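Reviewing the structure listed below.
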Amino acid sequence: MVKLVLLHKANSIYEDEPDVVYDFPRSYLRAIEEAVGDWIVYYEPVKAGPKGYFAVAKISDVIPKPNAEGRFLARIEPGSFLPFDRDVPRLVDGSPLETALMEPDGSPKKGGLVQLAVRRLPEEDFARIVNLGLPEELEQIEATRYDPNGGTFDDSAAPFERPVLERLTRRPYRDVAFRRKVREAYGYRCALSGLMLRNGGGRPEVQAAHIRPVDKQGSDSVRNGLALSGTLHWMFDRGLISIADDCETILVSHNKVPGEVVSRLLSPDGRLLKPEDPRDAPHPENLKWHRENVFGRVLTDEPAPWG
């Protein structure tokens with residue numbers, strides 16, 4: 001197996017959705033087949049946008065692209081995609097993070113390998129990029145963000161490689177990374193009410209909800225997330241509310257939700273608040289999954305939080 005850098009341009013068609021599948025030509029087939037079962041890093045080229053290295057994922061398998069001679073699809077292992085907490089630039093202090101793109105004096109190479117959409121990535125380079133994009137101490141950063149005494153962590157030393165692998169697979173770490181990205185994408189406002197609620201210490205009360213749950217093959221992509229208040233998160237997970245196929249209109253199970261609750265909790269215009277960056281908007285396929293598999297079905301007998 002081998003780790004790779006995969007170039008991805010924003011606003012790609014669905015067949016090139018980073019948390020689902022990567023569309024590529026035959027010329028890269030051998031390299032990507034070698035990476036099956038291993039991790040890749042996504043990179044947005046400078047000419048396509050400002051992100052740089054922006055996420056990791058694991059390739060599960062490779063299949064021919066239907067009705068497209070000479071093209072293939074690398075399918076992403078469900079639950080492996082994770083956006084970086086902070087985008088990582090190609091150059092740090094003037095030198096590339098990929099050693100293959102570096103001249104002997106540390107300056108960046110030009111042309112050739114730099115232009116490839118698929119590049120092999122040594123383990124050391126992979127660890128360096130992940131450490132910058134997903135800091136080992138991210139959970140502590142989040143726990144003490146509004147309360148300097150809010151977190152207690154084991155500060156004992158750990159081997160260099162172990163934290164990198166752990167943070168990519170450990171659910172508590174991934175939950176923190178997902179929550180930070182989703183809440184930031186919506187400006188810390190609830191996507192269904194439009195309200196920004198903060199407690200006395202200034203901590204945002206908005207939560208991060210998976211549209212398609214991780215245990216149902218949902219990803220940790222921001223496009224599979226909604227920033228929601230606690231009550232609306234509860235209602236969304238239990239199928240009392242959803243989003244229509246226009247990706248804007250809020251759907252309500254009116255036979256289960258009192259009218260006064262609707263008027264009190266939801267945005268007056270009945271429309272979803274969109275993220276600040278349109279590229280972070282909920283993916284239509286994720287919203288469709290929620291409508292077809294969750295909406296209208298009461299998934300619990302718990303008493304409603306407004307009762």
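Convention: chains lettered A, B, ... in structure tokens order; per-chain residue numbering from 1; ligands numbered from 1 as shown.
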
Considering only C-alpha atoms, return as a list in words whatever protein or nucleic-acid residues lie within 6 Å of Leu192 (chain A), sequence-local ones (same chain, fewer than 6 positions apart) excluded.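 Neighbouring residues, sequence-local ones excluded: Leu266, Ser267 and Leu272 of chain A.
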
Sel. of alpha helix (DSSP H) residues, region 188-236 of chain A, as a list in words: Gly230, Thr231, Leu232, His233, Trp234, Met235 and Phe236 of chain A

Could you turn the residues from that selection into a file that holds N, CA, C and O atoms, as a PDB file, in the first residue's frame?
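Output file again-v1.pdb is given in full below:
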ATOM      1  N   GLY A 230     -30.014  22.390  20.254  1.00  0.00           N
ATOM      2  CA  GLY A 230     -30.221  21.091  20.866  1.00  0.00           C
ATOM      3  C   GLY A 230     -31.584  20.479  20.565  1.00  0.00           C
ATOM      4  O   GLY A 230     -31.688  19.301  20.210  1.00  0.00           O
ATOM      5  N   THR A 231     -32.645  21.274  20.694  1.00  0.00           N
ATOM      6  CA  THR A 231     -33.997  20.766  20.456  1.00  0.00           C
ATOM      7  C   THR A 231     -34.194  20.382  18.995  1.00  0.00           C
ATOM      8  O   THR A 231     -34.751  19.324  18.673  1.00  0.00           O
ATOM      9  N   LEU A 232     -33.725  21.225  18.081  1.00  0.00           N
ATOM     10  CA  LEU A 232     -33.892  20.938  16.660  1.00  0.00           C
ATOM     11  C   LEU A 232     -33.024  19.762  16.224  1.00  0.00           C
ATOM     12  O   LEU A 232     -33.411  19.014  15.321  1.00  0.00           O
ATOM     13  N   HIS A 233     -31.879  19.586  16.859  1.00  0.00           N
ATOM     14  CA  HIS A 233     -31.043  18.415  16.595  1.00  0.00           C
ATOM     15  C   HIS A 233     -31.825  17.153  16.975  1.00  0.00           C
ATOM     16  O   HIS A 233     -31.868  16.180  16.224  1.00  0.00           O
ATOM     17  N   TRP A 234     -32.462  17.180  18.138  1.00  0.00           N
ATOM     18  CA  TRP A 234     -33.275  16.050  18.600  1.00  0.00           C
ATOM     19  C   TRP A 234     -34.398  15.761  17.600  1.00  0.00           C
ATOM     20  O   TRP A 234     -34.642  14.610  17.236  1.00  0.00           O
ATOM     21  N   MET A 235     -35.075  16.810  17.143  1.00  0.00           N
ATOM     22  CA  MET A 235     -36.185  16.642  16.201  1.00  0.00           C
ATOM     23  C   MET A 235     -35.699  16.103  14.864  1.00  0.00           C
ATOM     24  O   MET A 235     -36.347  15.244  14.252  1.00  0.00           O
ATOM     25  N   PHE A 236     -34.558  16.583  14.387  1.00  0.00           N
ATOM     26  CA  PHE A 236     -34.013  16.156  13.099  1.00  0.00           C
ATOM     27  C   PHE A 236     -33.627  14.679  13.146  1.00  0.00           C
ATOM     28  O   PHE A 236     -33.943  13.911  12.226  1.00  0.00           O
TER      29      PHE A 236
END

I need the strand (DSSP E or B) residues of region 175-299 of chain A per DSSP on the backbone, written as a list in words.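 Taking region 175-299 of chain A and keeping strand (DSSP E or B) gives Arg198, Pro204, Gln207, Ala208, Ala209, His210, Gly225, Leu226, Ala227, Leu228, Ile241, Ser242, Ile243, Thr249, Ile250, Leu251, Val252 and Arg271 of chain A.
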
Would you export the selected residues with C-alpha atoms as a CSV table (one decimal), in the first residue's frame, please?
chain,number,residue,atom,x,y,z
A,198,ARG,CA,-24.4,31.5,23.5
A,204,PRO,CA,-22.0,28.6,21.3
A,207,GLN,CA,-24.5,21.5,17.9
A,208,ALA,CA,-23.3,19.7,14.8
A,209,ALA,CA,-25.7,17.1,13.4
A,210,HIS,CA,-24.8,14.4,10.9
A,225,GLY,CA,-23.6,18.2,8.6
A,226,LEU,CA,-26.0,20.8,9.9
A,227,ALA,CA,-25.5,23.2,12.8
A,228,LEU,CA,-28.5,22.9,15.0
A,241,ILE,CA,-38.2,17.7,10.5
A,242,SER,CA,-36.2,17.4,7.3
A,243,ILE,CA,-35.3,19.5,4.2
A,249,THR,CA,-37.5,24.3,2.4
A,250,ILE,CA,-37.9,23.0,5.9
A,251,LEU,CA,-40.3,20.0,6.1
A,252,VAL,CA,-42.2,19.4,9.3
A,271,ARG,CA,-36.0,28.0,4.8

Would you mind listing what lies within 12 Å of Tyr28 (chain A) as a ChimeraX atom specification, with only C-alpha atoms counted and same-chain residues fewer than 2 positions away left out? /A:4-7,22-26,30-35,62,70-74,116-120

Would you please work out which residue, of A:Pro83, A:Gly270, A:Pro78, A:Pro18, is nearest to Gly37 (chain A) when using only C-alpha atoms? A:Pro78

Nearest residue to Gly106 (chain A) from the set A:Glu285, A:Asp215, A:Gly296, A:Val92 (distances using only C-alpha atoms): A:Val92

Region 27-46 of chain A residues near region 52-56 of chain A within 10 Å, closest pair each, using only C-alpha atoms, as JSON lines:
{"residue": "A:Trp39", "atom": "CA", "partner": "A:Val56", "partner_atom": "CA", "distance": 6.8}
{"residue": "A:Ile40", "atom": "CA", "partner": "A:Val56", "partner_atom": "CA", "distance": 5.6}
{"residue": "A:Val41", "atom": "CA", "partner": "A:Val56", "partner_atom": "CA", "distance": 4.5}
{"residue": "A:Tyr42", "atom": "CA", "partner": "A:Ala55", "partner_atom": "CA", "distance": 5.3}
{"residue": "A:Tyr43", "atom": "CA", "partner": "A:Tyr53", "partner_atom": "CA", "distance": 4.2}
{"residue": "A:Glu44", "atom": "CA", "partner": "A:Gly52", "partner_atom": "CA", "distance": 4.9}
{"residue": "A:Pro45", "atom": "CA", "partner": "A:Gly52", "partner_atom": "CA", "distance": 6.4}
{"residue": "A:Val46", "atom": "CA", "partner": "A:Gly52", "partner_atom": "CA", "distance": 6.8}

Expressed in Å to a single decimal, how great is the separation between CA of Leu287 (chain A) and CA of Glu260 (chain A)?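 A separation of 25.3 Å between them.
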
Just give me the gap between CA of Ala177 (chain A) and CA of Pro284 (chain A) in Å, one decimal is fine.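 We find that CA of Ala177 (chain A) and CA of Pro284 (chain A) lie 22.5 Å from each other.
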
Between A:Tyr173, A:Ser27, A:Lys51, A:Leu97, which residue has the minimum interatomic distance to Lys9 (chain A), considering only C-alpha atoms?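 Answer, going by the shortest atom-to-atom distance: A:Lys51.
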
I'd like the interatomic distance between CA of Pro275 (chain A) and CA of Asp16 (chain A), to a tenth of an Å.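 Rounded to one decimal, the two atoms are 21.0 Å apart.
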
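Minimum atom-to-atom distance to Ile141 (chain A), evaluated using only C-alpha atoms, belongs to A:Asp85 out of A:Glu124, A:Gln115, A:Arg171, A:Asp85.
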
Quick one: residues within 9 Å of region 163-170 of chain A, only C-alpha atoms, excluding same-chain residues fewer than 3 positions away - as a list in words? Val56, Ala57, Gly79, Ser80, Phe81, Leu82, Ala127, Val130, Asn131, Leu134, Pro135, Glu136, Ala158, Pro159, Phe160, Tyr173, Arg174 and Asp175 of chain A

Counting only C-alpha atoms, closest pick from A:Val20, A:Ile129, A:Leu240, A:Val88 relative to Asp220 (chain A) is A:Val20

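With only C-alpha atoms as the atoms that count, the residue of A:Val257, A:Pro66, A:Gly94, A:Ala10 with the shortest distance to Pro278 (chain A) is A:Ala10.
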